[in-house]
Structure formats: C-alpha cells, structure tokens
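Reproduced below: target.cif, with mmCIF, C-alpha atoms and all ligand atoms.
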data_final
#
loop_
_atom_site.label_atom_id
_atom_site.label_comp_id
_atom_site.auth_asym_id
_atom_site.auth_seq_id
_atom_site.Cartn_x
_atom_site.Cartn_y
_atom_site.Cartn_z
CA MET A 1 10.45 11.54 -10.18
CA GLN A 2 9.45 15.10 -9.34
CA THR A 3 12.48 17.05 -10.54
CA ASN A 4 15.82 16.77 -12.33
CA SER A 5 17.88 18.26 -9.57
CA TYR A 6 18.88 16.56 -6.30
CA ASP A 7 21.42 17.05 -3.52
CA CYS A 8 22.32 13.39 -3.26
CA LEU A 9 21.94 10.12 -5.10
CA ALA A 10 21.32 7.06 -2.95
CA LEU A 11 21.71 3.35 -3.57
CA PHE A 12 18.17 2.18 -2.91
CA SER A 13 17.68 -1.60 -2.69
CA GLY A 14 14.26 -1.45 -1.04
CA GLY A 15 15.74 -2.84 2.21
CA LEU A 16 15.22 -1.03 5.50
CA ASP A 17 18.78 0.32 5.72
CA SER A 18 18.53 1.97 2.31
CA ILE A 19 15.16 3.51 3.20
CA LEU A 20 16.53 4.90 6.46
CA ALA A 21 19.65 6.30 4.79
CA CYS A 22 17.40 8.28 2.44
CA LYS A 23 15.10 9.41 5.24
CA LEU A 24 18.04 10.66 7.33
CA MET A 25 19.10 12.85 4.44
CA GLN A 26 15.57 14.09 3.82
CA GLN A 27 15.32 14.94 7.52
CA GLN A 28 18.13 17.44 6.95
CA GLY A 29 16.25 19.01 4.09
CA LEU A 30 18.28 17.35 1.32
CA ARG A 31 16.65 16.32 -1.93
CA VAL A 32 17.35 12.62 -2.44
CA LEU A 33 17.02 10.47 -5.55
CA GLY A 34 17.16 6.74 -4.87
CA LEU A 35 18.75 4.63 -7.62
CA HIS A 36 17.23 1.17 -7.72
CA PHE A 37 19.57 -1.23 -9.53
CA CYS A 38 17.95 -4.18 -11.29
CA SER A 39 19.35 -7.41 -12.75
CA PRO A 40 18.12 -11.02 -13.00
CA PHE A 41 19.26 -11.43 -9.38
CA PHE A 42 18.02 -8.38 -7.53
CA GLY A 43 15.80 -5.35 -7.92
CA ASN A 44 12.07 -5.07 -8.42
CA GLU A 45 11.14 -2.33 -10.82
CA GLU A 46 7.46 -3.07 -10.42
CA LYS A 47 7.54 -1.92 -6.80
CA ILE A 48 8.98 1.50 -7.52
CA SER A 49 5.75 3.46 -7.59
CA HIS A 50 4.54 1.71 -4.42
CA TRP A 51 7.80 2.54 -2.61
CA GLU A 52 7.70 6.13 -3.83
CA LYS A 53 4.25 6.48 -2.35
CA ILE A 54 4.75 4.78 1.01
CA TYR A 55 8.26 6.05 1.73
CA GLY A 56 7.89 9.50 0.18
CA LEU A 57 10.97 9.09 -2.02
CA ASP A 58 11.88 9.75 -5.63
CA LEU A 59 13.27 6.58 -7.22
CA LEU A 60 14.84 5.71 -10.53
CA PRO A 61 15.31 2.13 -11.82
CA ILE A 62 18.68 1.35 -13.39
CA ASN A 63 19.09 -1.91 -15.29
CA ILE A 64 22.60 -3.34 -14.94
CA SER A 65 21.83 -6.88 -16.09
CA ARG A 66 24.41 -7.06 -18.89
CA GLU A 67 27.30 -5.61 -16.89
CA PHE A 68 26.43 -7.68 -13.86
CA VAL A 69 26.35 -10.94 -15.80
CA ASP A 70 29.71 -9.96 -17.34
CA LEU A 71 31.09 -9.40 -13.85
CA LEU A 72 29.94 -12.86 -12.76
CA THR A 73 31.23 -14.67 -15.81
CA GLN A 74 34.57 -12.89 -15.92
CA GLY A 75 35.08 -13.58 -12.21
CA PRO A 76 34.61 -10.78 -9.69
CA PRO A 77 38.06 -9.45 -8.65
CA TRP A 78 37.10 -9.48 -4.94
CA GLY A 79 35.57 -12.94 -5.16
CA PHE A 80 32.28 -14.43 -4.09
CA GLY A 81 30.61 -14.38 -0.69
CA LYS A 82 29.06 -17.45 0.90
CA TYR A 83 27.16 -18.40 -2.25
CA LEU A 84 27.36 -16.69 -5.67
CA ASN A 85 27.14 -13.14 -4.34
CA PRO A 86 30.04 -10.91 -5.40
CA CYS A 87 29.08 -8.26 -2.84
CA ILE A 88 32.22 -6.09 -2.86
CA ASP A 89 32.35 -5.84 -6.66
CA CYS A 90 28.59 -5.38 -6.81
CA LYS A 91 28.79 -2.35 -4.52
CA ILE A 92 31.75 -0.98 -6.48
CA MET A 93 29.80 -1.30 -9.73
CA MET A 94 26.70 0.41 -8.34
CA LEU A 95 28.67 3.26 -6.78
CA LYS A 96 30.63 3.85 -9.99
CA LYS A 97 27.36 4.04 -11.91
CA ALA A 98 25.86 6.37 -9.33
CA ALA A 99 28.95 8.61 -9.35
CA ALA A 100 28.76 8.91 -13.13
CA MET A 101 25.17 10.13 -12.77
CA LEU A 102 25.94 12.93 -10.29
CA PRO A 103 26.35 15.67 -12.96
CA GLN A 104 23.10 14.68 -14.66
CA PHE A 105 21.19 15.50 -11.46
CA GLN A 106 23.51 18.29 -10.21
CA ALA A 107 23.94 16.14 -7.09
CA ARG A 108 26.88 16.59 -4.74
CA CYS A 109 27.13 13.36 -2.79
CA LEU A 110 26.34 9.66 -2.73
CA ILE A 111 24.46 7.82 0.00
CA SER A 112 24.50 4.14 0.84
CA GLY A 113 22.63 2.25 3.55
CA GLU A 114 25.68 0.13 4.45
CA VAL A 115 26.18 -0.43 8.16
CA LEU A 116 29.62 -1.00 9.58
CA GLY A 117 30.05 -4.63 10.69
CA GLN A 118 26.61 -5.75 9.57
CA ARG A 119 27.68 -8.23 6.90
CA PRO A 120 30.75 -10.43 7.09
CA MET A 121 32.00 -9.91 3.55
CA SER A 122 31.08 -6.46 2.36
CA GLN A 123 30.52 -4.36 5.45
CA ARG A 124 33.70 -4.90 7.44
CA ARG A 125 35.66 -1.68 7.85
CA ASP A 126 38.36 -2.82 5.40
CA ALA A 127 35.72 -3.86 2.85
CA LEU A 128 33.94 -0.50 3.13
CA ASN A 129 37.30 1.19 2.49
CA ILE A 130 38.00 -1.02 -0.53
CA ILE A 131 34.56 -0.34 -1.96
CA GLN A 132 34.84 3.44 -1.73
CA ARG A 133 38.44 3.42 -2.99
CA ASP A 134 37.82 1.16 -5.99
CA ALA A 135 34.62 2.96 -6.92
CA GLY A 136 36.54 6.25 -6.79
CA VAL A 137 33.98 7.81 -4.43
CA LYS A 138 35.94 8.07 -1.17
CA ASP A 139 35.46 11.82 -0.86
CA LEU A 140 31.78 11.98 -1.59
CA LEU A 141 30.23 8.76 -0.27
CA LEU A 142 28.31 9.02 2.98
CA ARG A 143 26.97 6.01 4.91
CA PRO A 144 24.52 7.88 7.09
CA LEU A 145 23.57 4.98 9.38
CA SER A 146 27.15 4.46 10.54
CA SER A 147 28.28 8.05 10.04
CA GLY A 148 29.46 8.53 13.64
CA LYS A 149 31.75 5.49 13.33
CA LEU A 150 33.33 6.47 10.02
CA PRO A 151 35.50 9.40 8.91
CA VAL A 152 33.66 12.33 7.40
CA PRO A 153 34.19 12.15 3.61
CA ALA A 154 36.81 14.75 2.67
CA GLY A 155 34.70 16.28 -0.07
CA LEU A 156 31.85 16.95 2.36
CA GLN A 157 33.86 18.22 5.34
CA ASP A 158 33.70 21.92 4.52
CA SER A 159 30.34 21.98 2.84
CA ASN A 160 27.37 22.94 4.96
CA LEU A 161 25.26 20.42 3.12
CA ILE A 162 25.08 17.92 5.98
CA ASP A 163 25.07 18.22 9.76
CA PHE A 164 27.07 15.15 10.67
CA ARG A 165 26.34 15.55 14.41
CA GLN A 166 22.73 14.58 13.80
CA LEU A 167 23.58 11.29 12.12
CA PRO A 168 23.62 7.96 13.99
CA SER A 169 26.52 5.62 14.83
CA ILE A 170 24.94 2.26 14.13
CA GLN A 171 27.29 -0.71 14.01
CA GLY A 172 26.91 -4.49 13.89
CA ARG A 173 24.37 -7.07 12.91
CA GLY A 174 21.42 -6.15 15.15
CA ARG A 175 18.36 -4.34 13.85
CA LYS A 176 17.25 -2.66 17.06
CA ASP A 177 18.55 0.81 16.15
CA GLN A 178 17.12 0.60 12.66
CA LEU A 179 13.68 -0.40 13.98
CA ARG A 180 13.77 2.51 16.43
CA LEU A 181 14.61 4.89 13.59
CA ALA A 182 11.87 3.37 11.43
CA LYS A 183 9.42 4.16 14.22
CA GLU A 184 10.69 7.73 14.45
CA PHE A 185 10.17 8.17 10.72
CA GLN A 186 6.75 6.49 11.00
CA ILE A 187 7.67 3.86 8.45
CA ARG A 188 4.82 1.39 8.58
CA GLU A 189 5.86 -1.08 5.92
CA ILE A 190 9.15 -2.54 7.15
CA PRO A 191 10.85 -4.88 4.66
CA THR A 192 12.04 -8.26 5.95
CA PRO A 193 15.78 -8.46 6.56
CA ALA A 194 16.38 -11.23 3.98
CA GLY A 195 17.46 -8.76 1.30
CA GLY A 196 16.13 -10.56 -1.74
CA CYS A 197 19.34 -11.07 -3.72
CA LEU A 198 19.08 -14.46 -5.43
CA LEU A 199 22.86 -14.83 -5.57
CA ALA A 200 23.00 -14.81 -1.78
CA ASP A 201 20.28 -17.44 -1.49
CA PRO A 202 21.55 -21.06 -1.58
CA GLU A 203 18.53 -22.51 -3.36
CA SER A 204 18.61 -19.90 -6.12
CA ALA A 205 22.40 -19.97 -6.39
CA LYS A 206 22.18 -23.72 -7.09
CA ARG A 207 20.04 -23.01 -10.13
CA PHE A 208 22.66 -20.62 -11.54
CA SER A 209 25.74 -22.77 -10.88
CA PRO A 210 25.66 -25.05 -13.96
CA LEU A 211 25.42 -22.05 -16.28
CA PHE A 212 29.00 -21.12 -15.45
CA GLU A 213 30.16 -24.64 -16.14
CA HIS A 214 28.27 -25.44 -19.32
CA LEU A 215 27.47 -22.19 -21.16
CA HIS A 216 30.30 -20.20 -22.67
CA PRO A 217 29.47 -17.56 -21.59
CA PRO A 218 25.98 -17.52 -20.08
CA GLN A 219 23.77 -14.61 -21.11
CA VAL A 220 21.21 -12.55 -19.21
CA ARG A 221 18.42 -14.59 -20.82
CA ASP A 222 19.98 -17.82 -19.48
CA PHE A 223 19.91 -16.54 -15.91
CA GLU A 224 16.27 -15.56 -16.42
CA LEU A 225 15.50 -19.11 -17.55
CA ALA A 226 17.38 -20.58 -14.58
CA LYS A 227 14.90 -18.87 -12.26
CA VAL A 228 11.88 -20.72 -13.67
CA GLY A 229 10.31 -24.08 -12.81
CA ARG A 230 12.23 -27.25 -12.06
CA GLN A 231 15.79 -27.30 -13.34
CA PHE A 232 17.53 -30.44 -14.64
CA TRP A 233 20.91 -31.11 -16.24
CA SER A 234 22.35 -34.17 -17.93
CA GLU A 235 25.93 -34.07 -19.27
CA GLY A 236 25.71 -30.39 -20.09
CA SER A 237 22.17 -30.54 -21.52
CA TRP A 238 19.67 -28.26 -19.82
CA LEU A 239 15.97 -28.98 -19.37
CA VAL A 240 13.49 -26.75 -17.52
CA ILE A 241 10.06 -28.10 -16.59
CA GLY A 242 7.15 -25.86 -15.56
CA ARG A 243 5.55 -26.56 -12.17
CA ASN A 244 2.31 -24.75 -12.87
CA GLN A 245 0.56 -22.54 -15.40
CA ALA A 246 2.54 -19.47 -14.39
CA ASP A 247 5.83 -21.33 -15.02
CA ASN A 248 4.54 -22.63 -18.36
CA ALA A 249 3.57 -19.11 -19.43
CA ARG A 250 6.96 -17.73 -18.34
CA LEU A 251 8.77 -20.49 -20.27
CA LEU A 252 6.90 -19.50 -23.42
CA GLU A 253 7.95 -15.88 -22.89
CA LEU A 254 11.59 -16.93 -22.63
CA VAL A 255 11.75 -19.23 -25.70
CA GLN A 256 14.72 -18.48 -27.98
CA GLU A 257 15.21 -19.48 -31.60
CA ASP A 258 17.11 -22.72 -30.94
CA ASP A 259 15.18 -23.84 -27.88
CA LEU A 260 13.10 -26.99 -27.97
CA VAL A 261 9.65 -26.89 -26.41
CA PHE A 262 8.08 -30.13 -25.13
CA LYS A 263 4.37 -30.48 -24.50
CA LEU A 264 1.96 -33.37 -23.97
CA ALA A 265 0.16 -33.79 -27.33
CA ASP A 266 -3.36 -34.59 -26.26
CA ARG A 267 -3.85 -33.54 -22.65
CA PRO A 268 -2.96 -30.70 -20.32
CA GLY A 269 0.29 -30.99 -18.41
CA PRO A 270 3.67 -29.43 -17.87
CA LEU A 271 5.62 -27.60 -20.52
CA ALA A 272 9.37 -28.15 -20.79
CA LEU A 273 12.03 -26.08 -22.47
CA ALA A 274 15.44 -27.35 -23.54
CA ARG A 275 18.14 -24.81 -24.33
CA GLN A 276 20.51 -26.13 -26.99
CA SER A 277 23.37 -23.80 -26.26
CA ALA A 278 26.53 -25.50 -27.41
CA GLU A 279 25.16 -28.07 -29.87
CA GLN A 280 21.94 -29.42 -31.33
CA TRP A 281 20.51 -32.30 -29.35
CA SER A 282 20.60 -35.82 -30.82
CA ARG A 283 17.34 -37.71 -31.51
CA GLU A 284 18.16 -39.96 -28.60
CA ARG A 285 18.57 -37.05 -26.18
CA ILE A 286 15.32 -35.47 -27.33
CA ALA A 287 13.43 -38.73 -26.81
CA GLU A 288 15.03 -39.17 -23.40
CA ALA A 289 14.00 -35.65 -22.33
CA ALA A 290 10.46 -36.20 -23.66
CA ALA A 291 10.15 -39.42 -21.65
CA PHE A 292 11.45 -37.65 -18.56
CA MET A 293 9.24 -34.57 -18.78
CA SER A 294 6.13 -36.72 -19.34
CA THR A 295 6.47 -38.15 -15.83
CA PHE A 296 5.66 -34.72 -14.37
CA SER A 297 2.08 -35.28 -15.46
CA SER A 298 0.71 -37.40 -12.63
CA LYS A 299 -1.81 -39.13 -14.91
CA VAL A 300 0.86 -40.13 -17.41
CA SER A 301 3.21 -41.20 -14.69
CA ARG A 302 0.58 -43.36 -12.98
CA SER A 303 -0.51 -45.09 -16.16
CA GLY A 304 3.00 -45.86 -17.43
CA GLU A 305 1.45 -46.16 -20.93
CA PRO A 306 3.16 -44.68 -24.02
CA VAL A 307 2.38 -41.00 -24.40
CA ALA A 308 2.58 -38.55 -27.32
CA ILE A 309 4.77 -35.49 -26.84
CA ARG A 310 4.93 -32.52 -29.22
CA VAL A 311 8.52 -31.35 -29.54
CA GLY A 312 10.00 -28.60 -31.60
CA CYS A 313 11.38 -25.17 -32.15
CA LYS A 314 9.43 -22.49 -34.03
CA GLU A 315 7.51 -24.06 -36.93
CA GLN A 316 9.38 -27.36 -36.89
CA VAL A 317 7.30 -29.44 -34.53
CA GLU A 318 6.99 -33.21 -34.47
CA THR A 319 5.18 -35.73 -32.30
CA LEU A 320 7.11 -38.44 -30.49
CA GLU A 321 5.67 -41.42 -28.72
CA VAL A 322 7.59 -42.25 -25.56
CA ILE A 323 7.32 -44.46 -22.50
CA PRO A 324 7.35 -42.29 -19.37
CA GLU A 325 10.75 -42.68 -17.77
CA HIS A 326 10.47 -42.94 -14.02
CA ARG A 327 12.49 -40.38 -12.15
CA PRO A 328 14.71 -42.54 -9.91
CA ASP A 329 16.19 -44.11 -13.09
CA SER A 330 16.71 -40.84 -14.85
CA ARG A 331 20.01 -39.32 -15.88
CA TRP A 332 18.53 -35.85 -15.42
CA ARG A 333 19.80 -34.34 -12.19
CA GLU A 334 18.93 -31.24 -10.22
CA PRO A 335 21.77 -28.71 -10.15
CA GLN A 336 24.23 -28.50 -7.27
CA LEU A 337 25.90 -25.40 -5.91
CA LYS A 338 29.46 -24.98 -7.14
CA LYS A 339 31.25 -21.64 -7.27
CA PRO A 340 32.80 -20.76 -10.62
CA GLU A 341 36.58 -20.96 -10.70
CA GLY A 342 37.94 -17.43 -10.68
S1 LIG A 401 23.72 -9.38 -1.75
FE1 LIG A 401 23.52 -9.28 -4.01
S2 LIG A 401 22.75 -7.20 -4.40
FE2 LIG A 401 23.53 -7.20 -2.31
S3 LIG A 401 25.64 -6.49 -2.50
FE3 LIG A 401 25.69 -8.74 -2.55
S4 LIG A 401 25.63 -9.27 -4.74
FE4 LIG A 401 24.96 -7.11 -4.55
#

Would you write the structure of this file as structure tokens?
Amino acid sequence: MQTNSYDCLALFSGGLDSILACKLMQQQGLRVLGLHFCSPFFGNEEKISHWEKIYGLDLLPINISREFVDLLTQGPPWGFGKYLNPCIDCKIMMLKKAAAMLPQFQARCLISGEVLGQRPMSQRRDALNIIQRDAGVKDLLLRPLSSGKLPVPAGLQDSNLIDFRQLPSIQGRGRKDQLRLAKEFQIREIPTPAGGCLLADPESAKRFSPLFEHLHPPQVRDFELAKVGRQFWSEGSWLVIGRNQADNARLLELVQEDDLVFKLADRPGPLALARQSAEQWSRERIAEAAAFMSTFSSKVSRSGEPVAIRVGCKEQVETLEVIPEHRPDSRWREPQLKKPEG
C-alpha cells in the first residue's frame, strides 16, 4: 500500500473482472484500494505482492474466516448456490465490511467486478439489487463493467468523481468484452475463469459436507483440515490420510490437542490424523483406523503382514500391531456432497 487515502475501495478477488473494475477506475484518475478477502475457501494472501506488481494496484488482505464459517454454519439467509457457495450472502458480507472501511481510507465509493447476468445465482439483476440493499450500499456501490446497464448509484450522481459515459455495458456470461478490455489495459497475466472458490467446486465441497453434519459447530481449523489429503468418515469419526510429504507436513501443522496422529512405526509412509471432536475414540476404533491407514503404504498393503503403528496425541504415544485392513472391506468412506439443512 502506498498511501492511506483512496477514492474508492474495490472488492478484489484476483479474477479478471475484479482487475478490470479497478483498472477502469484508475483510468479515470481515481485512487483505488483493492480489498482481498481471505477465508479457508477463497483468497490467496501470498499472491498480493505479485498482483500489486503486475496489475499496478494497491491491495489489502482482509481475513474473514471466522465470520464466514459462522455464516455457513448458521445457514446463509439467501441459501446456497449449486454446491456449498452462499454467493449472495458472501457478497453482502464483503460489501458491508468494505463499507465500514470507507472512513478509514477517506474513500467515497465501492467498486465490485460483478457483471450483470454472468452468474445464475448472484449476478441476476434481482440478486444484484438484493446484495446492494442488504449490504446497505445501494447509493455508493458501482459495478463498472456493467455500469451502462445499471442505474447510476444515487450517492454518485451529482459528484464529479466518475464519468459514467466512459464505462462499459457488459452483460452476460461471455468473456469477449473482458478480454478486449484486458488487451486495452495491456494486462498480460489473465487469470483463468474458474474463480478459485472451493465452496463452488464440487470436489472440494464434498470434503466440507460432513463437517456440517458431524461437528457442532465446525471451526475454521476443521475446514482447513478438510482441505488436506484423503478424507474418510465412519459413523461420525473423521480420519485424514496424507497423500505425500507435503500433506504429511500440513497435517502436522494442523494437529490440535485432542487429535490422534497415526504413523508407521518402523518405515516411511503416510501420516494420518484423526480429529476426536465429539468424543474420545474407543480402543477398537483406534485399531480399526490404524489398520486402515496402514494400507496406504503400498509395501504394507502388498505384504499383508502385521505392522506396527505409532498412535497418540501429544506425549501419550503407544505402538499398536495391526493387520492391514484392505480397503474394499473398510467401513471408512469418502465424503459425499450434501447441503446443510438451513
Ligand atoms: S463463489 Fe465463493 S467467493 Fe465467490 S461469491 Fe460465491 S461464495 Fe463468495
């Protein structure tokens, strides 16, 4: 960040539309600060300095993990999209946060890269109206990419801050107009259209689903764990098995006081983490999980011989000898996508 004073605050996801919205404002000589919201599901704080450099923007990361997880667990008032994405409430939350920050930066308006009609849930005209109304930003929110298709915000009508005639009228799902604008602004690194929100991705959403059912309520750290390795559930018990060294290292970073860590005693292999959220696991369940995780070592699995597994939490570690349990017979199941009941 170069300064503490800006003309507008922008929602900056790192997607092309948010970049262009900022560039359109800069083109008119406005000072723009992009707010990059981060949670377990979206945002990439590590890319901020790279984006600042290549796009010529000032950016500020804002962590909304706690509030966002609360929104998910309490049930988003406007519901979920196709998967676990509560897009309307997500936008409302971000815009409320951004509006509350306006005085801090002496900024006068908010910018969002939303495009009318681009997304079925959150960018229909009625949804855009709901978002600006419920966030309380109707008079000062500008969507520069679709500006010509939307009413001029009342609070900006008489100001000479923005020349609305210069702004585009993009509408719909295509990307042609955005790519043309990107060329005009000489943007060389064009993000892929996927967006990168894990809640809108079916494979990631599957991982999060059981948390709503079995943890009361799930915490930010649980969603972080659900992103790692292979996920398995058995009657409400949760076991995560590393696929590689990076997963194993991440699991060790995420260990909590009551978690059980499983490790092959005398050879390299996967690490597994069991989160005992509601109750302590029985001896039988621990042995069952140890037998199951051992099969993810190909050597152990091939031999079928008894194997020693170190299991424990903190200083209390013991060694169990188990027979590798072959996966088709296992009670451990991969999670399925199921939307939480709202
Ligand atoms: S896709 Fe994810 S980040 Fe984007 S609006 Fe929806 S919930 Fe929010």

So that I can see what lies close to Gly79 (chain A), please list as a tab-separated table (two decimals) with C-alpha atoms, in the frame of the given file the residues with an atom at most 12 Å from it, counting only C-alpha atoms and leaving out residues fewer than 3 positions away in the same chain.
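Result saved to around_24.tsv:
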chain	number	residue	atom	x	y	z
A	71	LEU	CA	31.09	-9.40	-13.85
A	72	LEU	CA	29.94	-12.86	-12.76
A	73	THR	CA	31.23	-14.67	-15.81
A	74	GLN	CA	34.57	-12.89	-15.92
A	75	GLY	CA	35.08	-13.58	-12.21
A	76	PRO	CA	34.61	-10.78	-9.69
A	82	LYS	CA	29.06	-17.45	0.90
A	83	TYR	CA	27.16	-18.40	-2.25
A	84	LEU	CA	27.36	-16.69	-5.67
A	85	ASN	CA	27.14	-13.14	-4.34
A	86	PRO	CA	30.04	-10.91	-5.40
A	87	CYS	CA	29.08	-8.26	-2.84
A	88	ILE	CA	32.22	-6.09	-2.86
A	89	ASP	CA	32.35	-5.84	-6.66
A	90	CYS	CA	28.59	-5.38	-6.81
A	121	MET	CA	32.00	-9.91	3.55
A	122	SER	CA	31.08	-6.46	2.36
A	339	LYS	CA	31.25	-21.64	-7.27
A	340	PRO	CA	32.80	-20.76	-10.62
A	341	GLU	CA	36.58	-20.96	-10.70
A	342	GLY	CA	37.94	-17.43	-10.68

Let me know the centre plus edge lengths, in Å and rounded to one decimal, of a box with edges along x, y and z that contains all listed atoms of ligand LIG 401 (chain A) and is padded by 3 Å on every side, as AutoDock Vina command-line options.
--center_x 24.2 --center_y -7.9 --center_z -3.2 --size_x 8.9 --size_y 8.9 --size_z 9.0

Seminar exercise, completed: One residue among A:Glu305, A:Glu257, A:Asp247, A:Glu325 is nearest to Ala290 (chain A) when using all atoms listed in the file, and that residue is A:Glu325

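When only C-alpha atoms and all ligand atoms are used to measure the gap to ligand LIG 401 (chain A), the shortest distance among A:Lys91, A:Arg331, A:Lys23, A:His36 belongs to A:Lys91.
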
Problem set entry | 6 Å contact set for region 151-168 of chain A, all atoms listed in the file, chain neighbours under 6 positions out, as JSON, numbers by chain | {"A": [139, 140, 145]}

Using all atoms listed in the file, which protein or nucleic acid residues come within 10 Å of Gln336 (chain A)? Drop anything in the same chain fewer than 3 positions from it, and give the result as a JSON list (two decimals) with C-alpha atoms, keeping the file's coordinate frame.
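Heads up, here's the output in out28.json:
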[["chain", "number", "residue", "atom", "x", "y", "z"],
["A", 202, "PRO", "CA", 21.55, -21.06, -1.58],
["A", 203, "GLU", "CA", 18.53, -22.51, -3.36],
["A", 205, "ALA", "CA", 22.40, -19.97, -6.39],
["A", 206, "LYS", "CA", 22.18, -23.72, -7.09],
["A", 207, "ARG", "CA", 20.04, -23.01, -10.13],
["A", 208, "PHE", "CA", 22.66, -20.62, -11.54],
["A", 209, "SER", "CA", 25.74, -22.77, -10.88],
["A", 210, "PRO", "CA", 25.66, -25.05, -13.96],
["A", 233, "TRP", "CA", 20.91, -31.11, -16.24],
["A", 333, "ARG", "CA", 19.80, -34.34, -12.19],
["A", 339, "LYS", "CA", 31.25, -21.64, -7.27]]
